[in-house]
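S.K.: Just one file: query-v1.txt, with compact mmCIF, C-alpha atoms.
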# COMPACT_ATOMS: atom_id res chain seq x y z
CA MET A 1 204.28 186.43 282.00
CA SER A 2 202.22 184.53 279.42
CA ALA A 3 201.30 186.33 276.20
CA LEU A 4 197.64 185.72 277.03
CA ALA A 5 197.66 187.30 280.47
CA PRO A 6 196.62 190.87 281.23
CA ASP A 7 199.12 193.23 282.83
CA GLU A 8 197.52 195.34 285.55
CA VAL A 9 200.26 197.94 285.42
CA VAL A 10 199.78 198.40 281.68
CA HIS A 11 195.99 198.17 281.53
CA GLN A 12 195.16 201.34 283.49
CA SER A 13 193.89 203.92 280.98
CA MET A 14 196.49 206.67 281.45
CA ARG A 15 199.40 204.22 281.68
CA LEU A 16 198.17 202.44 278.58
CA ARG A 17 198.09 205.74 276.67
CA ILE A 18 201.57 206.66 277.93
CA LEU A 19 202.97 203.34 276.72
CA ALA A 20 201.04 203.54 273.40
CA THR A 21 202.48 207.01 272.76
CA LEU A 22 206.07 206.01 273.53
CA HIS A 23 205.65 202.75 271.59
CA ALA A 24 204.62 204.75 268.49
CA LEU A 25 207.91 206.68 268.53
CA PRO A 26 211.02 205.25 266.86
CA HIS A 27 212.93 203.34 269.58
CA GLY A 28 210.26 204.31 272.12
CA GLY A 29 211.37 207.92 272.54
CA PRO A 30 212.80 209.96 274.04
CA LEU A 31 209.84 212.26 274.51
CA GLU A 32 209.76 215.28 276.78
CA PHE A 33 207.45 215.24 279.79
CA VAL A 34 205.74 218.44 278.60
CA GLU A 35 205.15 216.97 275.14
CA LEU A 36 203.67 213.81 276.60
CA LYS A 37 201.49 215.90 278.91
CA ALA A 38 200.15 217.87 275.94
CA LEU A 39 199.61 214.76 273.82
CA LEU A 40 197.62 213.05 276.56
CA SER A 41 195.85 216.21 277.85
CA ALA A 42 197.04 215.20 281.31
CA THR A 43 197.89 217.22 284.39
CA ASP A 44 201.41 217.29 285.87
CA GLY A 45 200.29 215.39 288.98
CA ASN A 46 198.31 212.69 287.22
CA LEU A 47 200.98 212.06 284.61
CA GLY A 48 203.75 212.09 287.23
CA THR A 49 201.95 209.51 289.37
CA HIS A 50 201.43 207.09 286.49
CA LEU A 51 204.95 207.60 285.17
CA SER A 52 206.28 206.77 288.60
CA THR A 53 204.32 203.48 288.58
CA LEU A 54 205.66 202.66 285.12
CA GLU A 55 209.22 203.49 286.19
CA LYS A 56 208.92 201.28 289.27
CA ALA A 57 207.76 198.43 287.01
CA GLY A 58 210.79 199.08 284.79
CA TYR A 59 208.62 199.92 281.76
CA VAL A 60 209.67 203.54 281.33
CA ALA A 61 213.03 205.22 281.96
CA SER A 62 213.33 208.92 282.65
CA GLY A 63 216.34 211.18 282.33
CA LYS A 64 216.78 214.76 283.42
CA ASP A 65 218.94 217.40 281.79
CA PHE A 66 218.95 221.14 281.24
CA VAL A 67 218.16 223.15 278.13
CA GLY A 68 219.80 226.45 279.01
CA ARG A 69 218.59 226.96 282.56
CA LYS A 70 215.34 225.06 282.13
CA PRO A 71 215.18 221.51 283.48
CA ARG A 72 213.90 218.92 281.05
CA THR A 73 212.61 215.42 281.74
CA GLN A 74 212.90 212.94 278.88
CA LEU A 75 211.03 209.66 278.83
CA THR A 76 211.84 206.45 276.98
CA LEU A 77 210.11 203.11 276.72
CA THR A 78 212.40 200.37 278.04
CA PRO A 79 212.74 196.98 276.31
CA ALA A 80 210.74 195.47 279.20
CA GLY A 81 208.04 198.14 278.70
CA ARG A 82 207.90 197.45 274.98
CA ARG A 83 207.54 193.72 275.62
CA ALA A 84 204.88 194.23 278.30
CA PHE A 85 202.91 196.62 276.10
CA GLU A 86 203.04 194.34 273.05
CA GLU A 87 202.04 191.31 275.14
CA HIS A 88 199.14 193.25 276.64
CA VAL A 89 197.97 194.34 273.18
CA ALA A 90 198.15 190.70 272.06
CA TYR A 91 196.09 189.75 275.12
CA LEU A 92 193.47 192.44 274.35
CA ARG A 93 193.21 191.21 270.75
CA SER A 94 192.82 187.66 271.95
CA VAL A 95 189.99 188.73 274.29
CA ILE A 96 188.17 190.33 271.38
CA ALA A 97 188.79 187.26 269.24
CA GLY A 98 187.42 185.13 272.08
CA ALA A 99 190.70 183.23 272.50
CA ALA A 100 191.42 184.48 276.03
CA PRO A 101 189.27 184.16 279.14
CA GLY A 102 187.02 187.19 279.54
CA GLN A 103 184.01 188.15 281.57
CA PRO A 104 180.74 189.93 280.79
CA PRO A 105 181.02 193.73 281.20
CA ALA A 106 179.14 193.68 284.53
CA GLN A 107 181.70 191.32 286.07
CA SER A 108 184.76 193.00 284.61
CA GLN A 109 187.47 193.71 287.15
CA GLY A 110 189.68 195.58 284.73
CA ALA A 111 191.52 198.66 285.92
CA ARG A 112 190.01 201.01 283.30
CA SER A 113 189.46 204.52 284.55
CA MET B 1 192.43 190.62 286.60
CA VAL B 2 190.06 189.65 283.82
CA VAL B 3 189.18 191.97 280.99
CA SER B 4 185.83 191.96 279.22
CA LYS B 5 185.49 192.24 275.44
CA GLN B 6 184.14 195.77 275.87
CA ASP B 7 187.10 196.79 278.00
CA ALA B 8 189.51 195.23 275.53
CA ALA B 9 187.91 197.06 272.59
CA SER B 10 187.97 200.34 274.50
CA ALA B 11 191.64 199.84 275.45
CA LEU B 12 192.63 199.03 271.86
CA SER B 13 190.79 202.12 270.66
CA GLU B 14 192.74 204.25 273.18
CA ILE B 15 195.97 202.66 272.00
CA HIS B 16 195.21 203.49 268.38
CA SER B 17 194.31 207.10 269.06
CA ALA B 18 197.39 207.63 271.31
CA GLY B 19 199.60 206.09 268.60
CA ASP B 20 198.02 208.31 265.93
CA ARG B 21 198.63 211.44 268.00
CA ALA B 22 202.27 210.47 268.57
CA ALA B 23 202.76 209.85 264.84
CA ARG B 24 201.21 213.24 264.09
CA LEU B 25 203.61 214.87 266.57
CA LEU B 26 206.52 213.33 264.67
CA HIS B 27 205.23 214.71 261.36
CA TYR B 28 204.70 218.15 262.92
CA ARG B 29 208.26 218.13 264.28
CA ASP B 30 209.59 217.24 260.86
CA PHE B 31 207.57 219.89 259.04
CA ALA B 32 207.99 222.80 261.52
CA PRO B 33 211.49 223.97 260.46
CA HIS B 34 210.45 224.01 256.80
CA ALA B 35 207.40 226.14 257.60
CA LEU B 36 209.62 228.55 259.58
CA ILE B 37 212.14 228.86 256.73
CA TRP B 38 209.58 229.37 253.95
CA GLY B 39 207.36 231.65 256.00
CA THR B 40 210.35 233.89 256.70
CA ILE B 41 211.40 233.83 253.05
CA TRP B 42 207.88 234.80 252.01
CA ILE B 43 207.89 237.82 254.33
CA VAL B 44 211.43 238.92 253.38
CA ALA B 45 210.79 238.53 249.64
CA ASN B 46 207.63 240.64 249.66
CA VAL B 47 209.12 243.36 251.84
CA ALA B 48 212.23 243.46 249.64
CA ILE B 49 210.20 243.63 246.41
CA ASP B 50 208.10 246.44 247.89
CA LEU B 51 211.16 248.38 249.05
CA LEU B 52 213.01 247.88 245.76
CA GLY B 53 209.89 248.66 243.74
CA GLY B 54 210.17 245.49 241.65
CA HIS B 55 212.93 242.99 240.73
CA GLY B 56 210.57 240.19 241.82
CA THR B 57 212.33 237.40 239.89
CA ALA B 58 215.78 238.32 241.20
CA VAL B 59 214.54 238.66 244.79
CA TRP B 60 212.66 235.35 244.74
CA LEU B 61 215.53 233.48 243.09
CA SER B 62 218.04 234.86 245.58
CA LEU B 63 215.87 233.53 248.42
CA ILE B 64 214.50 230.31 246.91
CA VAL B 65 217.96 228.88 246.22
CA PRO B 66 219.28 229.17 249.82
CA GLY B 67 215.82 228.18 251.11
CA SER B 68 215.90 224.98 249.05
CA VAL B 69 219.44 224.21 250.22
CA ALA B 70 218.42 224.77 253.87
CA SER B 71 215.27 222.64 253.49
CA SER B 72 217.24 219.84 251.83
CA TRP B 73 219.86 219.91 254.57
CA ILE B 74 217.17 219.78 257.27
CA GLY B 75 215.38 216.97 255.43
CA ALA B 76 218.63 214.98 255.19
CA ARG B 77 219.42 215.60 258.88
CA THR B 78 215.89 214.55 259.89
CA GLY B 79 216.17 211.38 257.80
CA ARG B 80 219.53 210.56 259.41
CA LYS B 81 218.09 211.09 262.91
CA HIS B 82 215.14 208.83 262.09
CA ARG B 83 217.45 206.12 260.79
CA GLU B 84 219.69 206.37 263.87
CA ALA B 85 216.58 205.97 266.01
CA GLY B 86 215.70 202.79 264.15
CA ASP B 87 213.02 204.30 261.93
CA THR B 88 213.06 202.51 258.60
CA ARG B 89 210.98 205.09 256.69
CA PRO B 90 212.75 206.25 253.52
CA SER B 91 214.42 209.67 253.37
CA GLN B 92 212.10 212.66 253.17
CA THR B 93 214.50 215.02 251.41
CA TRP B 94 213.26 214.39 247.90
CA ARG B 95 209.65 214.71 249.06
CA TRP B 96 210.29 218.19 250.44
CA LEU B 97 212.09 219.27 247.28
CA ALA B 98 209.37 217.78 245.09
CA MET B 99 206.67 219.52 247.13
CA PHE B 100 208.31 222.97 246.83
CA LEU B 101 208.93 222.40 243.13
CA ALA B 102 205.30 221.34 242.59
CA LEU B 103 204.05 224.45 244.42
CA LEU B 104 206.35 226.68 242.39
CA VAL B 105 205.24 225.15 239.10
CA TYR B 106 201.56 225.22 240.11
CA PHE B 107 201.50 228.90 241.08
CA ASN B 108 203.51 229.96 238.03
CA LEU B 109 201.14 228.06 235.74
CA ALA B 110 198.10 229.46 237.57
CA ILE B 111 199.43 233.00 237.14
CA VAL B 112 200.04 232.39 233.42
CA VAL B 113 196.52 231.01 232.91
CA LEU B 114 194.70 233.56 235.08
CA ALA B 115 196.84 236.48 233.89
CA PRO B 116 196.15 238.84 236.80
CA ALA B 117 196.16 242.52 235.84
CA THR B 118 198.40 243.61 238.72
CA PRO B 119 201.10 242.00 240.91
CA ALA B 120 198.82 242.71 243.89
CA GLN B 121 196.13 240.47 242.39
CA ALA B 122 198.68 237.70 241.88
CA GLY B 123 199.93 238.09 245.46
CA ALA B 124 196.39 238.05 246.85
CA TYR B 125 195.54 234.95 244.81
CA ILE B 126 198.59 233.02 246.04
CA ALA B 127 198.04 234.05 249.68
CA LEU B 128 194.32 233.17 249.44
CA SER B 129 195.24 229.73 248.08
CA PHE B 130 197.34 229.12 251.19
CA ALA B 131 194.53 230.45 253.41
CA ALA B 132 192.18 227.91 251.81
CA ALA B 133 194.79 225.16 252.31
CA TYR B 134 194.98 226.02 256.05
CA VAL B 135 191.18 225.82 256.32
CA PHE B 136 191.14 222.44 254.56
CA ALA B 137 193.97 221.11 256.73
CA GLY B 138 192.42 222.58 259.88
CA ILE B 139 189.16 220.75 259.29
CA TRP B 140 191.16 217.56 259.87
CA LEU B 141 193.85 218.77 262.28
CA GLY B 142 192.24 221.37 264.55
CA TRP B 143 190.26 224.58 264.79
CA LYS B 144 193.34 226.75 265.37
CA ILE B 145 194.50 226.15 261.79
CA VAL B 146 190.99 226.86 260.46
CA ALA B 147 190.92 230.13 262.43
CA MET B 148 194.32 231.10 261.06
CA GLY B 149 193.20 230.43 257.48
CA LEU B 150 190.03 232.46 257.99
CA ALA B 151 191.94 235.35 259.59
CA MET B 152 194.41 235.31 256.69
CA ALA B 153 191.60 235.38 254.13
CA ALA B 154 189.83 238.21 255.98
CA LEU B 155 193.00 240.34 256.11
CA ILE B 156 193.85 239.76 252.46
CA LEU B 157 190.31 240.35 251.17
CA GLY B 158 189.90 243.36 253.47
CA GLY B 159 193.08 244.86 252.08
CA TYR B 160 192.16 244.01 248.50
CA PHE B 161 188.65 245.45 248.52
CA SER B 162 189.58 248.51 250.55
CA GLY B 163 192.27 249.29 248.00
CA ALA B 164 194.96 249.26 250.67
CA PRO B 165 198.35 250.54 249.50
CA HIS B 166 201.22 248.02 249.28
CA LEU B 167 198.72 245.19 248.94
CA GLN B 168 201.32 242.78 247.61
CA VAL B 169 203.54 243.19 250.64
CA LEU B 170 200.47 242.91 252.88
CA SER B 171 199.34 239.63 251.25
CA GLY B 172 202.84 238.19 251.26
CA SER B 173 203.54 239.21 254.84
CA VAL B 174 200.20 237.89 256.12
CA ALA B 175 200.82 234.56 254.38
CA GLY B 176 204.43 234.44 255.60
CA VAL B 177 203.49 235.26 259.19
CA ALA B 178 200.75 232.61 259.10
CA MET B 179 203.29 230.03 257.92
CA VAL B 180 205.77 231.03 260.65
CA ILE B 181 202.99 230.79 263.28
CA CYS B 182 202.10 227.38 261.89
CA GLY B 183 205.73 226.29 262.16
CA LEU B 184 206.05 227.55 265.75
CA TRP B 185 202.76 225.89 266.70
CA MET B 186 203.86 222.57 265.18
CA ARG B 187 207.23 222.77 266.92
CA ARG B 188 205.48 223.20 270.27
CA ALA B 189 202.59 220.82 269.53
Can the structure from this file be put into structure tokens for me?

M.R.:
Amino acid sequence: MSALAPDEVVHQSMRLRILATLHALPHGGPLEFVELKALLSATDGNLGTHLSTLEKAGYVASGKDFVGRKPRTQLTLTPAGRRAFEEHVAYLRSVIAGAAPGQPPAQSQGARS
Amino acid sequence: MVVSKQDAASALSEIHSAGDRAARLLHYRDFAPHALIWGTIWIVANVAIDLLGGHGTAVWLSLIVPGSVASSWIGARTGRKHREAGDTRPSQTWRWLAMFLALLVYFNLAIVVLAPATPAQAGAYIALSFAAAYVFAGIWLGWKIVAMGLAMAALILGGYFSGAPHLQVLSGSVAGVAMVICGLWMRRA
């Protein structure tokens, strides 16, 4: 994918915040599901759905283990996820700078929600 | 998919705030064990001084030394974990030691200058200083910390003006418990 192309998987608001959070951690995580949920003020269902989309795209990897008897899900940004996120950020910056094709707000087809 | 300038600006703003929150989580995780250690030491020291009826210097020294060793060890371990995870920030150990040393020097100098008439006044002053620090920090970090600072101040002032017995142990324990709560909250944040 070109550096000046938007990524629909990344651009959705919750997925963008998931990737931004993991990207801010050293080596992209790991971060526990419950910690991510608290950081993003998300519900289990909403977060799970978007994580599943990101996992299918190969942007996030999840691992399960147990702490005592409690199951724990740990999430990590994959190299592909890091690259996709950084390219999308570059694209967003280029839109603001006027270097990438954009549309007026009324015609925007972005996946913001 | 085409993204408008407005959408792009909004997305970048979301990215920045999500990144800031993640960075804050990392700082909280780093600070939490230190708050737990020093909060516990504060409680134990004041209870011990109250039970022994004095020997403040000996009690504090016997707790500050292992506390500093534990904090340094945790700081070194945290730094190692950050480096293993690819974080290039410099080690935090000396910062923790310098911070505790600065606090120790500051409160000792403040006590010398203010010359409180009783140990209870000194204890209340130190605990109130921490209550004020929580309020200041809470204004930036969240209302829970403000509430904790206000509750601390109310308990200490209530005890002071009502002439409560064992005021020093009350002030020290309130401040210690607040620090432990802070540490637990940051660990779970």

S.K.: Which residues of chain B have any atom within 7 Å of an atom in chain A when counting only C-alpha atoms, and what is the closest pair of atoms for each, with the distance in Å to one decimal? Order the rows by chain and rising number and write it as CSV.

M.R.:
residue,atom,partner,partner_atom,distance
B:Met1,CA,A:Gln109,CA,5.9
B:Val2,CA,A:Gly102,CA,5.8
B:Val3,CA,A:Gly110,CA,5.2
B:Ser4,CA,A:Gln103,CA,4.8
B:Lys5,CA,A:Ile96,CA,5.2
B:Gln6,CA,A:Pro105,CA,6.5
B:Ala8,CA,A:Leu92,CA,5.0
B:Ala9,CA,A:Ile96,CA,6.8
B:Glu14,CA,A:Arg17,CA,6.6
B:Ile15,CA,A:Ala20,CA,5.3
B:Ala18,CA,A:Thr21,CA,5.3
B:Gly19,CA,A:Thr21,CA,5.1
B:Arg21,CA,A:Leu39,CA,6.8
B:Ala22,CA,A:Thr21,CA,5.4
B:Ala23,CA,A:Ala24,CA,6.5
B:Ala85,CA,A:Pro26,CA,5.7
B:Gly86,CA,A:Pro26,CA,5.9
B:Asp87,CA,A:Pro26,CA,5.4

S.K.: Skipping near chain neighbours, those fewer than 3 positions away, what residues fall within 12 Å of Thr73 in chain A using all atoms listed in the file, listed as a PDB file with C-alpha atoms, in the frame of the given file?

M.R.:
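Okay, this is what ended up in around-v3.pdb:
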ATOM      1  CA  GLY A  29     211.370 207.920 272.540  1.00  0.00           C
ATOM      2  CA  PRO A  30     212.800 209.960 274.040  1.00  0.00           C
ATOM      3  CA  LEU A  31     209.840 212.260 274.510  1.00  0.00           C
ATOM      4  CA  GLU A  32     209.760 215.280 276.780  1.00  0.00           C
ATOM      5  CA  PHE A  33     207.450 215.240 279.790  1.00  0.00           C
ATOM      6  CA  VAL A  34     205.740 218.440 278.600  1.00  0.00           C
ATOM      7  CA  GLU A  35     205.150 216.970 275.140  1.00  0.00           C
ATOM      8  CA  LEU A  36     203.670 213.810 276.600  1.00  0.00           C
ATOM      9  CA  LYS A  37     201.490 215.900 278.910  1.00  0.00           C
ATOM     10  CA  GLY A  48     203.750 212.090 287.230  1.00  0.00           C
ATOM     11  CA  LEU A  51     204.950 207.600 285.170  1.00  0.00           C
ATOM     12  CA  ALA A  61     213.030 205.220 281.960  1.00  0.00           C
ATOM     13  CA  SER A  62     213.330 208.920 282.650  1.00  0.00           C
ATOM     14  CA  GLY A  63     216.340 211.180 282.330  1.00  0.00           C
ATOM     15  CA  LYS A  64     216.780 214.760 283.420  1.00  0.00           C
ATOM     16  CA  ASP A  65     218.940 217.400 281.790  1.00  0.00           C
ATOM     17  CA  PHE A  66     218.950 221.140 281.240  1.00  0.00           C
ATOM     18  CA  VAL A  67     218.160 223.150 278.130  1.00  0.00           C
ATOM     19  CA  LYS A  70     215.340 225.060 282.130  1.00  0.00           C
ATOM     20  CA  THR A  76     211.840 206.450 276.980  1.00  0.00           C
TER      21      THR A  76
END

S.K.: Which value, in Å to one decimal, gives the distance between CA of Ile181 in chain B and CA of Leu36 in chain B?

M.R.: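 These two atoms are separated by 7.9 Å.
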
S.K.: When you draw a straight line from CA of Ala42 in chain A to CA of Thr78 in chain B, how long is it in Å?

M.R.: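 A separation of 28.5 Å between them.
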
S.K.: So that I can see what lies close to Tyr59 in chain A, please list as a compact mmCIF listing (two decimals) with C-alpha atoms, keeping the file's coordinate frame the residues with an atom at most 9 Å from it, counting only C-alpha atoms and leaving out residues fewer than 2 positions away in the same chain.

M.R.:
# COMPACT_ATOMS: atom_id res chain seq x y z
CA VAL A 10 199.78 198.40 281.68
CA LEU A 19 202.97 203.34 276.72
CA THR A 53 204.32 203.48 288.58
CA LEU A 54 205.66 202.66 285.12
CA GLU A 55 209.22 203.49 286.19
CA LYS A 56 208.92 201.28 289.27
CA ALA A 57 207.76 198.43 287.01
CA ALA A 61 213.03 205.22 281.96
CA THR A 76 211.84 206.45 276.98
CA LEU A 77 210.11 203.11 276.72
CA THR A 78 212.40 200.37 278.04
CA PRO A 79 212.74 196.98 276.31
CA ALA A 80 210.74 195.47 279.20
CA GLY A 81 208.04 198.14 278.70
CA ARG A 82 207.90 197.45 274.98
CA ARG A 83 207.54 193.72 275.62
CA ALA A 84 204.88 194.23 278.30
CA PHE A 85 202.91 196.62 276.10

S.K.: Can you work out which one of B:Tyr106, B:Phe130, B:Tyr28, B:Trp60 has the shortest atom-to-atom distance to Gly176 in chain B, counting all atoms listed in the file?

M.R.: B:Phe130

S.K.: Which residues are near range 107-123 of chain B? Cut-off 8 Å, all atoms listed in the file, ignore same chain within fewer than 6 positions. Put them as a PDB file with C-alpha atoms, keeping the file's coordinate frame.

M.R.:
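The resulting file, result09.pdb, is reproduced below:
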ATOM      1  CA  HIS B 166     201.220 248.020 249.280  1.00  0.00           C
ATOM      2  CA  LEU B 167     198.720 245.190 248.940  1.00  0.00           C
ATOM      3  CA  GLN B 168     201.320 242.780 247.610  1.00  0.00           C
ATOM      4  CA  SER B 171     199.340 239.630 251.250  1.00  0.00           C
ATOM      5  CA  GLY B 172     202.840 238.190 251.260  1.00  0.00           C
TER       6      GLY B 172
END

S.K.: Between CA of Tyr160 in chain B and CA of Ala124 in chain B, what is the distance in Å, rounded to a tenth?

M.R.: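 That distance, rounded to one decimal, is 7.5 Å.
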